[in-house]
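Engineer: So here's structure21.pdb (PDB, C-alpha atoms).
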ATOM      1  CA  MET M  73      16.269  10.594  22.659
ATOM      2  CA  SER M  74      12.611   9.548  22.678
ATOM      3  CA  LYS M  75      11.555   6.087  21.606
ATOM      4  CA  ILE M  76       9.554   6.135  18.363
ATOM      5  CA  LYS M  77       6.915   3.548  17.497
ATOM      6  CA  ILE M  78       6.056   3.053  13.832
ATOM      7  CA  ILE M  79       2.483   1.919  13.152
ATOM      8  CA  VAL M  80       1.056   0.938   9.756
ATOM      9  CA  ASP M  81      -2.103  -0.746   8.517
ATOM     10  CA  SER M  82      -2.350  -4.050   6.697
ATOM     11  CA  CYS M  83      -2.602  -2.321   3.302
ATOM     12  CA  SER M  84       1.128  -1.644   3.668
ATOM     13  CA  SER M  85       1.848  -5.233   2.578
ATOM     14  CA  ILE M  86       4.387  -5.382   5.411
ATOM     15  CA  LYS M  87       4.805  -8.986   6.503
ATOM     16  CA  LYS M  88       5.160 -10.258  10.060
ATOM     17  CA  ASP M  89       8.893 -10.994   9.813
ATOM     18  CA  PHE M  90       9.653  -7.460   8.570
ATOM     19  CA  ALA M  91       7.447  -5.991  11.303
ATOM     20  CA  LYS M  92       9.190  -8.075  13.969
ATOM     21  CA  LYS M  93      12.649  -7.084  12.736
ATOM     22  CA  TYR M  94      11.900  -3.358  12.981
ATOM     23  CA  ASP M  95       9.396  -3.505  15.867
ATOM     24  CA  ILE M  96       6.492  -2.229  13.756
ATOM     25  CA  GLU M  97       2.832  -2.508  14.763
ATOM     26  CA  ILE M  98       0.340  -3.491  12.041
ATOM     27  CA  ILE M  99      -3.346  -2.614  12.388
ATOM     28  CA  PRO M 100      -5.654  -4.853  10.316
ATOM     29  CA  ILE M 101      -7.964  -3.390   7.689
ATOM     30  CA  ASN M 102     -10.622  -6.076   7.698
ATOM     31  CA  ILE M 103     -12.039  -7.515   4.482
ATOM     32  CA  ILE M 104     -15.721  -8.189   3.871
ATOM     33  CA  ILE M 105     -16.442 -10.647   1.039
ATOM     34  CA  ASP M 106     -20.059 -11.607   0.463
ATOM     35  CA  GLY M 107     -20.836 -10.696   4.069
ATOM     36  CA  LEU M 108     -17.919 -12.703   5.501
ATOM     37  CA  GLU M 109     -15.560 -10.500   7.545
ATOM     38  CA  ILE M 110     -11.899 -11.527   7.438
ATOM     39  CA  ASN M 111      -9.021 -10.238   9.546
ATOM     40  CA  PRO M 112      -6.109 -10.368   7.048
ATOM     41  CA  LEU M 113      -3.566 -10.734   9.860
ATOM     42  CA  ASP M 114      -5.344 -13.655  11.469
ATOM     43  CA  THR M 115      -6.939 -15.597   8.621
ATOM     44  CA  LYS M 116      -6.212 -19.278   8.117
ATOM     45  CA  MET M 117      -6.998 -18.985   4.404
ATOM     46  CA  ASN M 118      -4.210 -19.800   1.976
ATOM     47  CA  ASN M 119      -3.731 -17.938  -1.318
ATOM     48  CA  GLU M 120      -5.728 -20.421  -3.367
ATOM     49  CA  GLU M 121      -8.715 -20.240  -1.022
ATOM     50  CA  PHE M 122      -8.636 -16.455  -0.737
ATOM     51  CA  PHE M 123      -8.385 -15.716  -4.459
ATOM     52  CA  SER M 124     -10.943 -18.369  -5.304
ATOM     53  CA  LEU M 125     -13.357 -16.523  -3.028
ATOM     54  CA  LEU M 126     -12.320 -13.154  -4.448
ATOM     55  CA  ASN M 127     -12.884 -14.343  -8.023
ATOM     56  CA  LYS M 128     -16.538 -15.105  -7.369
ATOM     57  CA  LYS M 129     -19.049 -12.524  -8.576
ATOM     58  CA  VAL M 130     -19.825 -11.330  -5.047
ATOM     59  CA  SER M 131     -19.361  -8.057  -3.196
ATOM     60  CA  ALA M 132     -15.880  -7.405  -1.804
ATOM     61  CA  LYS M 133     -14.861  -4.411   0.261
ATOM     62  CA  THR M 134     -12.721  -3.338   3.193
ATOM     63  CA  ALA M 135     -13.724  -1.771   6.496
ATOM     64  CA  ALA M 136     -11.929   1.437   7.444
ATOM     65  CA  ILE M 137     -10.119   1.411  10.786
ATOM     66  CA  SER M 138     -12.247   3.110  13.426
ATOM     67  CA  PRO M 139     -11.123   6.152  15.461
ATOM     68  CA  ASN M 140     -11.559   4.053  18.615
ATOM     69  CA  LEU M 141      -9.092   1.417  17.441
ATOM     70  CA  TYR M 142      -6.552   4.112  16.596
ATOM     71  CA  HIS M 143      -7.168   5.775  19.952
ATOM     72  CA  ASP M 144      -6.479   2.600  21.892
ATOM     73  CA  MET M 145      -3.359   1.813  19.855
ATOM     74  CA  PHE M 146      -1.917   5.314  20.273
ATOM     75  CA  VAL M 147      -2.617   5.326  24.015
ATOM     76  CA  LYS M 148      -1.010   1.906  24.425
ATOM     77  CA  TYR M 149       2.343   3.135  23.141
ATOM     78  CA  ILE M 150       2.171   6.572  24.730
ATOM     79  CA  ASN M 151       1.730   4.857  28.087
ATOM     80  CA  ASP M 152       4.842   2.816  27.261
ATOM     81  CA  GLY M 153       6.835   6.024  26.728
ATOM     82  CA  TYR M 154       6.833   6.156  22.926
ATOM     83  CA  ASP M 155       6.317   8.922  20.414
ATOM     84  CA  VAL M 156       4.053   7.547  17.675
ATOM     85  CA  ILE M 157       4.216   7.734  13.879
ATOM     86  CA  TYR M 158       1.368   6.213  11.899
ATOM     87  CA  ILE M 159       1.573   5.795   8.098
ATOM     88  CA  SER M 160      -1.807   5.179   6.487
ATOM     89  CA  LEU M 161      -3.230   3.867   3.262
ATOM     90  CA  SER M 162      -3.920   6.785   0.910
ATOM     91  CA  SER M 163      -6.674   9.144   2.038
ATOM     92  CA  GLY M 164      -7.812   9.049  -1.588
ATOM     93  CA  LEU M 165      -8.712   5.379  -1.177
ATOM     94  CA  SER M 166      -9.901   5.110   2.427
ATOM     95  CA  CYS M 167     -11.158   7.260   5.311
ATOM     96  CA  SER M 168      -8.707   5.514   7.677
ATOM     97  CA  TYR M 169      -6.277   8.459   7.569
ATOM     98  CA  ASN M 170      -9.003  10.927   8.580
ATOM     99  CA  ASN M 171     -10.074   8.560  11.353
ATOM    100  CA  SER M 172      -6.491   8.490  12.632
ATOM    101  CA  LEU M 173      -6.522  12.305  12.845
ATOM    102  CA  LEU M 174      -9.728  12.179  14.892
ATOM    103  CA  ALA M 175      -8.082   9.681  17.236
ATOM    104  CA  LYS M 176      -4.945  11.824  17.504
ATOM    105  CA  GLU M 177      -7.031  14.850  18.502
ATOM    106  CA  SER M 178      -8.847  12.798  21.133
ATOM    107  CA  VAL M 179      -5.633  11.346  22.565
ATOM    108  CA  LEU M 180      -3.976  14.756  22.802
ATOM    109  CA  GLU M 181      -6.901  15.985  24.898
ATOM    110  CA  GLU M 182      -6.094  13.210  27.379
ATOM    111  CA  PHE M 183      -2.305  13.368  27.011
ATOM    112  CA  PRO M 184      -1.410  16.930  25.976
ATOM    113  CA  ASN M 185       2.333  16.205  26.065
ATOM    114  CA  ALA M 186       2.078  13.174  23.796
ATOM    115  CA  LYS M 187       3.732  13.298  20.396
ATOM    116  CA  ILE M 188       1.782  11.711  17.556
ATOM    117  CA  GLU M 189       2.212  12.181  13.820
ATOM    118  CA  CYS M 190      -0.146  10.722  11.200
ATOM    119  CA  ILE M 191       1.240  10.523   7.672
ATOM    120  CA  ASP M 192      -0.892  10.079   4.561
ATOM    121  CA  SER M 193       1.107   7.791   2.268
ATOM    122  CA  LEU M 194      -0.956   8.872  -0.779
ATOM    123  CA  LEU M 195      -0.563   5.295  -2.013
ATOM    124  CA  GLY M 196      -0.540   1.810  -0.520
ATOM    125  CA  GLY M 197       1.161  -1.551  -0.650
ATOM    126  CA  SER M 198       4.935  -1.656  -0.847
ATOM    127  CA  GLY M 199       5.039   2.096  -1.386
ATOM    128  CA  ILE M 200       4.342   2.365   2.330
ATOM    129  CA  LYS M 201       7.247   0.010   2.983
ATOM    130  CA  ILE M 202       9.565   2.435   1.142
ATOM    131  CA  ILE M 203       8.326   5.225   3.433
ATOM    132  CA  VAL M 204       8.874   3.042   6.502
ATOM    133  CA  LEU M 205      12.430   2.202   5.454
ATOM    134  CA  GLU M 206      13.146   5.907   5.039
ATOM    135  CA  ILE M 207      11.675   6.651   8.480
ATOM    136  CA  ILE M 208      13.874   3.962  10.033
ATOM    137  CA  LYS M 209      16.945   5.649   8.514
ATOM    138  CA  LEU M 210      15.838   9.039   9.858
ATOM    139  CA  ILE M 211      15.246   7.598  13.330
ATOM    140  CA  GLU M 212      18.766   6.131  13.272
ATOM    141  CA  LYS M 213      20.073   9.610  12.396
ATOM    142  CA  GLY M 214      18.382  10.979  15.519
ATOM    143  CA  LEU M 215      15.573  13.017  13.941
ATOM    144  CA  ASN M 216      12.445  13.570  16.031
ATOM    145  CA  ILE M 217       8.970  12.752  14.731
ATOM    146  CA  ASN M 218       8.210  16.341  13.680
ATOM    147  CA  GLU M 219      11.361  16.431  11.553
ATOM    148  CA  ILE M 220      10.571  13.002  10.132
ATOM    149  CA  LYS M 221       7.064  14.085   9.145
ATOM    150  CA  GLU M 222       8.469  17.108   7.294
ATOM    151  CA  LYS M 223      10.790  14.824   5.319
ATOM    152  CA  VAL M 224       8.261  12.196   4.227
ATOM    153  CA  ASP M 225       4.766  13.746   4.448
ATOM    154  CA  ARG M 226       2.662  14.522   1.351
ATOM    155  CA  ASN M 227       4.916  12.375  -0.818
ATOM    156  CA  GLY M 228       8.081  14.233   0.098
ATOM    157  CA  LEU M 229       9.933  11.156  -1.142
ATOM    158  CA  HIS M 230       8.459  11.581  -4.668
ATOM    159  CA  LEU M 231       7.158   8.034  -4.858
ATOM    160  CA  GLU M 232       5.319   6.634  -7.848
ATOM    161  CA  ALA M 233       2.910   3.714  -7.884
ATOM    162  CA  LEU M 234       1.943   2.066 -11.173
ATOM    163  CA  PHE M 235      -0.175  -1.016 -11.617
ATOM    164  CA  THR M 236      -2.243  -2.998 -14.044
ATOM    165  CA  ILE M 237      -4.875  -5.559 -13.230
ATOM    166  CA  GLY M 238      -6.117  -8.948 -14.312
ATOM    167  CA  SER M 239      -9.830  -8.140 -14.447
ATOM    168  CA  LEU M 240     -11.721  -4.880 -14.914
ATOM    169  CA  TYR M 241     -14.540  -6.393 -12.850
ATOM    170  CA  HIS M 242     -12.658  -5.649  -9.632
ATOM    171  CA  LEU M 243     -12.408  -1.967 -10.564
ATOM    172  CA  TYR M 244     -16.178  -2.055 -11.037
ATOM    173  CA  LYS M 245     -16.702  -3.745  -7.649
ATOM    174  CA  GLY M 246     -14.561  -1.039  -6.057
ATOM    175  CA  GLY M 247     -16.645   1.708  -7.663
ATOM    176  CA  ARG M 248     -13.796   2.869  -9.942
ATOM    177  CA  ILE M 249     -15.648   2.228 -13.224
ATOM    178  CA  THR M 250     -19.184   1.388 -14.341
ATOM    179  CA  LEU M 251     -20.353  -2.135 -15.120
ATOM    180  CA  GLY M 252     -20.790  -1.123 -18.753
ATOM    181  CA  LYS M 253     -17.178   0.024 -19.041
ATOM    182  CA  ALA M 254     -15.954  -3.115 -17.296
ATOM    183  CA  THR M 255     -17.933  -5.331 -19.681
ATOM    184  CA  LEU M 256     -16.872  -3.447 -22.817
ATOM    185  CA  GLY M 257     -13.249  -3.215 -21.682
ATOM    186  CA  THR M 258     -13.147  -6.945 -21.030
ATOM    187  CA  MET M 259     -14.515  -7.678 -24.489
ATOM    188  CA  LEU M 260     -11.856  -5.435 -26.072
ATOM    189  CA  ARG M 261      -9.061  -6.837 -23.831
ATOM    190  CA  LEU M 262      -8.313  -3.353 -22.489
ATOM    191  CA  LYS M 263      -5.721  -3.163 -19.709
ATOM    192  CA  PRO M 264      -5.230   0.256 -18.133
ATOM    193  CA  ILE M 265      -2.052   1.424 -16.452
ATOM    194  CA  ILE M 266      -3.279   3.015 -13.233
ATOM    195  CA  TYR M 267      -1.355   5.386 -10.989
ATOM    196  CA  ALA M 268      -1.895   7.247  -7.730
ATOM    197  CA  ASN M 269      -2.121  10.997  -8.401
ATOM    198  CA  LYS M 270      -0.993  13.847  -6.108
ATOM    199  CA  GLU M 271      -4.187  13.524  -4.061
ATOM    200  CA  GLY M 272      -3.665   9.788  -3.643
ATOM    201  CA  LYS M 273      -6.585   8.942  -5.933
ATOM    202  CA  LEU M 274      -6.406   6.410  -8.742
ATOM    203  CA  GLU M 275      -6.336   7.575 -12.346
ATOM    204  CA  ASN M 276      -5.713   5.908 -15.690
ATOM    205  CA  LEU M 277      -2.334   6.784 -17.146
ATOM    206  CA  THR M 278      -2.861   4.944 -20.430
ATOM    207  CA  ILE M 279      -5.056   2.130 -21.720
ATOM    208  CA  ASN M 280      -3.592  -0.646 -23.874
ATOM    209  CA  ILE M 281      -4.946  -3.665 -25.692
ATOM    210  CA  GLY M 282      -3.530  -6.659 -23.830
ATOM    211  CA  LYS M 283      -1.749  -6.900 -20.526
ATOM    212  CA  LYS M 284       1.722  -7.545 -21.959
ATOM    213  CA  LYS M 285       1.728  -4.147 -23.649
ATOM    214  CA  SER M 286       0.743  -2.427 -20.400
ATOM    215  CA  LEU M 287       3.464  -4.262 -18.469
ATOM    216  CA  SER M 288       6.052  -3.347 -21.094
ATOM    217  CA  GLU M 289       5.029   0.319 -20.924
ATOM    218  CA  MET M 290       5.181   0.289 -17.113
ATOM    219  CA  CYS M 291       8.733  -1.063 -17.233
ATOM    220  CA  SER M 292       9.830   1.552 -19.773
ATOM    221  CA  ARG M 293       8.293   4.364 -17.723
ATOM    222  CA  LEU M 294      10.019   3.167 -14.571
ATOM    223  CA  VAL M 295      13.448   2.984 -16.200
ATOM    224  CA  SER M 296      13.005   6.515 -17.587
ATOM    225  CA  ASN M 297      11.754   8.055 -14.338
ATOM    226  CA  ILE M 298      13.355   6.188 -11.438
ATOM    227  CA  ASP M 299      15.598   7.959  -8.940
ATOM    228  CA  GLY M 300      18.067   5.438  -7.560
ATOM    229  CA  ASP M 301      17.788   1.701  -8.063
ATOM    230  CA  LEU M 302      15.187   0.376  -5.563
ATOM    231  CA  VAL M 303      12.028  -1.153  -7.040
ATOM    232  CA  TYR M 304       9.280  -3.025  -5.236
ATOM    233  CA  LEU M 305       7.532  -5.265  -7.760
ATOM    234  CA  SER M 306       4.305  -6.473  -6.217
ATOM    235  CA  TYR M 307       1.804  -9.129  -7.246
ATOM    236  CA  THR M 308      -1.374 -10.717  -5.944
ATOM    237  CA  ASN M 309      -1.596 -14.396  -6.984
ATOM    238  CA  ASN M 310       0.659 -14.266 -10.065
ATOM    239  CA  GLU M 311       4.222 -14.682  -8.817
ATOM    240  CA  ASN M 312       5.473 -16.217 -12.066
ATOM    241  CA  GLU M 313       4.269 -13.204 -14.023
ATOM    242  CA  ALA M 314       6.020 -10.944 -11.502
ATOM    243  CA  LYS M 315       9.272 -12.842 -12.117
ATOM    244  CA  GLU M 316       8.865 -12.260 -15.858
ATOM    245  CA  VAL M 317       8.402  -8.524 -15.247
ATOM    246  CA  LYS M 318      11.533  -8.510 -13.095
ATOM    247  CA  ASP M 319      13.470 -10.073 -15.962
ATOM    248  CA  ARG M 320      12.079  -7.397 -18.283
ATOM    249  CA  LEU M 321      13.182  -4.611 -15.938
ATOM    250  CA  LEU M 322      16.679  -6.044 -15.562
ATOM    251  CA  SER M 323      16.996  -6.392 -19.334
ATOM    252  CA  LEU M 324      16.354  -2.648 -19.580
ATOM    253  CA  ARG M 325      18.627  -1.722 -16.663
ATOM    254  CA  ASN M 326      20.665  -4.464 -15.052
ATOM    255  CA  ASP M 327      21.686  -2.536 -11.915
ATOM    256  CA  LEU M 328      18.150  -2.231 -10.540
ATOM    257  CA  ASN M 329      17.463  -3.694  -7.094
ATOM    258  CA  VAL M 330      14.109  -5.333  -7.845
ATOM    259  CA  ILE M 331      12.355  -6.832  -4.817
ATOM    260  CA  ILE M 332       9.369  -9.063  -5.528
ATOM    261  CA  ASP M 333       6.720  -8.679  -2.844
ATOM    262  CA  GLN M 334       3.190 -10.072  -2.527
ATOM    263  CA  ILE M 335       0.348  -7.584  -2.165
ATOM    264  CA  ASP M 336      -1.573  -8.008   1.088
ATOM    265  CA  TYR M 337      -5.094  -9.404   1.144
ATOM    266  CA  SER M 338      -6.657  -6.054   2.130
ATOM    267  CA  LEU M 339      -5.349  -4.308  -0.971
ATOM    268  CA  SER M 340      -5.927  -7.389  -3.143
ATOM    269  CA  CYS M 341      -9.596  -7.087  -2.270
ATOM    270  CA  HIS M 342      -9.701  -3.922  -4.410
ATOM    271  CA  CYS M 343      -7.235  -4.589  -7.219
ATOM    272  CA  GLY M 344      -8.127  -8.254  -7.642
ATOM    273  CA  PRO M 345      -6.214 -11.312  -8.852
ATOM    274  CA  GLU M 346      -3.360 -11.128 -11.381
ATOM    275  CA  THR M 347      -2.353  -7.587 -10.482
ATOM    276  CA  ILE M 348       1.181  -6.295 -11.018
ATOM    277  CA  ALA M 349       2.347  -3.103  -9.304
ATOM    278  CA  LEU M 350       5.591  -1.114  -9.315
ATOM    279  CA  PHE M 351       6.664   1.215  -6.491
ATOM    280  CA  TYR M 352       9.743   3.428  -6.683
ATOM    281  CA  LYS M 353      11.188   6.892  -6.105
ATOM    282  CA  LYS M 354      10.912   9.067  -9.188
ATOM    283  CA  LYS M 355      13.090  11.933 -10.376
TER     284      LYS M 355
END
Give the structure from the file, written as structure tokens.

Structural biologist:
Amino acid sequence: MSKIKIIVDSCSSIKKDFAKKYDIEIIPINIIIDGLEINPLDTKMNNEEFFSLLNKKVSAKTAAISPNLYHDMFVKYINDGYDVIYISLSSGLSCSYNNSLLAKESVLEEFPNAKIECIDSLLGGSGIKIIVLEIIKLIEKGLNINEIKEKVDRNGLHLEALFTIGSLYHLYKGGRITLGKATLGTMLRLKPIIYANKEGKLENLTINIGKKKSLSEMCSRLVSNIDGDLVYLSYTNNENEAKEVKDRLLSLRNDLNVIIDQIDYSLSCHCGPETIALFYKKK
């Protein structure tokens, strides 16, 4: 049976200890804040420093992974005798997935017998971790990478991602809404529930007045729609609020396996401070 290498990007929110345990390679999606480029896997910034910088009214964006970086990473593991599976941040949010396909095409010209599969997660954050855990199970069952891709590609796992944010300004900075809508929404205390649609693009599910109402609605939707019991409850710099949401979920259904997980810096760059997200398999 061929060795299979799982590769993800830093928007997966997969931490170093998890990656080490399952021998996963993480490619950084670098952050650019007010002209300062930050490697999220190698920064010495702590949470307070990072979110203080992010809260300033300055430009914040991420740099898509280049085809050349993917090429070199794929070749590295092919030369070591691996088949390669890469799971990307949603193609609806970044061009990284398309860049990985360009790299795959280039590598296969050099190594025509290589086996490489690129999977569009259609979401990000801990949703990618759910996909990775499923892939690990399939590898243990002896499936090859083509069979694995068929099982998990194009949201074959029926995952749902819901989140609400602390500030509409970060949606404006990310080009999701206009400055006028961000200003008006802030004045009216509007808090949208946002989800990743079938194309992996972000859409408003509902808009509520006040964050507590949005969080309550997210919890109710999850309990009504979840398949199984696994929930990844993710946060940016608001762990205490995440713990309160966990308590809310368990009050609605006490058998849920709710795992609290911090959102990586790359993804935090877009959603901003005080974000809460839920990732789970839906019916």

Engineer: Between M:Ile150, M:Leu287, M:Ala136, M:Ile217, single out the one closest to Pro184 (chain M), counting all atoms listed in the file.

Structural biologist: M:Ile150

Engineer: Just to confirm, what's the straight-line distance from CA of Val156 (chain M) to CA of Lys75 (chain M) in Å (one decimal)?

Structural biologist: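 Spanning CA of Val156 (chain M) to CA of Lys75 (chain M) is a straight-line distance of 8.6 Å.
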
Engineer: Got a sec: who's within 9 Å of region 228-239 of chain M, counting all atoms listed in the file, leaving out chain neighbours fewer than 6 positions off, as number ranges by chain?

Structural biologist: M: 195-196, 199, 202-203, 206, 222, 254, 258, 263-269, 277, 283, 286-287, 290, 294, 298, 306, 343-355

Engineer: Which one of M:Ile76, M:Met145, M:Val330, M:Ala135 sits closest to Ile211 (chain M) if you count only C-alpha atoms?

Structural biologist: M:Ile76

Engineer: May I have the protein, DNA and RNA residues with any atom at most 8 Å from the point (-10.4, -7.5, 6.3), counting all atoms listed in the file, written as a ChimeraX atom specification?

Structural biologist: /M:100-104,109-112,134-135,337-338

Engineer: Using all atoms listed in the file for the distances, tell me which of M:Lys87, M:Lys77, M:Arg325, M:Lys270 is nearest to Asn227 (chain M).

Structural biologist: M:Lys270

Engineer: Name the residues that the PyMOL selection byres ((chain M and resi 313-324) around 8) pulls out of this structure, and write them as a list in words.

Structural biologist: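 For this structure, the PyMOL selection byres ((chain M and resi 313-324) around 8) captures Leu287, Ser288, Cys291, Ser292, Val295, Leu305, Ser306, Tyr307, Asn310, Glu311, Asn312, Arg325, Asn326, Asp327, Leu328, Val330, Ile332 and Ile348 of chain M.
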
Engineer: Please compute the CA of Asn140 (chain M)-CA of Gln334 (chain M) distance, one decimal, in Å.

Structural biologist: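 Separation of CA of Asn140 (chain M) and CA of Gln334 (chain M): 29.4 Å.
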
Engineer: Give the answer as one residue: which of M:Leu180, M:Cys167, M:Leu274, M:Ile281 has the shortest atom-to-atom distance to His143 (chain M), using all atoms listed in the file?

Structural biologist: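 Of M:Leu180, M:Cys167, M:Leu274, M:Ile281, the one nearest His143 (chain M), counting all atoms listed in the file, is M:Leu180.
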
Engineer: Pick from M:Ile78, M:Asn280, M:Lys209, M:Glu121: nearest to Cys190 (chain M), with all atoms listed in the file counted?

Structural biologist: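 Ranking M:Ile78, M:Asn280, M:Lys209, M:Glu121 by distance to Cys190 (chain M), first place goes to M:Ile78.
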
Engineer: Which distance in Å separates CA of Leu339 (chain M) and CA of Ala132 (chain M), to one decimal?

Structural biologist: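 Answer for the CA of Leu339 (chain M) to CA of Ala132 (chain M) separation: 11.0 Å.
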
Engineer: If the PyMOL selection byres ((chain M and resi 178) around 12) is run on the structure shown, which residues does it catch, given as a ChimeraX atom specification?

Structural biologist: /M:139-144,146-147,171-177,179-184,186,188

Engineer: Considering all atoms listed in the file, state which residue in the set M:Gly282, M:Gly300, M:Gly197, M:Gly214 is at the smallest distance from Ser162 (chain M).

Structural biologist: M:Gly197

Engineer: Extending 3 Å beyond the listed atoms of region 90-105 of chain M on each side, what axis-aligned box results? I want centre and edge lengths in Å to one decimal, as lines of an AutoDock Vina configuration file.

Structural biologist:
center_x = -1.9
center_y = -6.4
center_z = 8.5
size_x = 35.1
size_y = 14.4
size_z = 20.8

Engineer: Report as a list in words the full result of the PyMOL selection byres ((chain M and resi 123) around 10) when it is applied to this structure.

Structural biologist: Met117, Asn118, Asn119, Glu120, Glu121, Phe122, Ser124, Leu125, Leu126, Asn127, Lys128, Thr308, Asn309, Tyr337, Ser340, Cys341, Gly344, Pro345 and Glu346 of chain M

Engineer: Give me the residues near Leu194 (chain M) as a CSV table (one decimal) with C-alpha atoms, in the frame of the given file, where near means some atom within 7 Å (using only C-alpha atoms) and where sequence neighbours in that chain fewer than 6 positions away do not count.

Structural biologist:
chain,number,residue,atom,x,y,z
M,161,LEU,CA,-3.2,3.9,3.3
M,162,SER,CA,-3.9,6.8,0.9
M,163,SER,CA,-6.7,9.1,2.0
M,164,GLY,CA,-7.8,9.0,-1.6
M,227,ASN,CA,4.9,12.4,-0.8
M,271,GLU,CA,-4.2,13.5,-4.1
M,272,GLY,CA,-3.7,9.8,-3.6
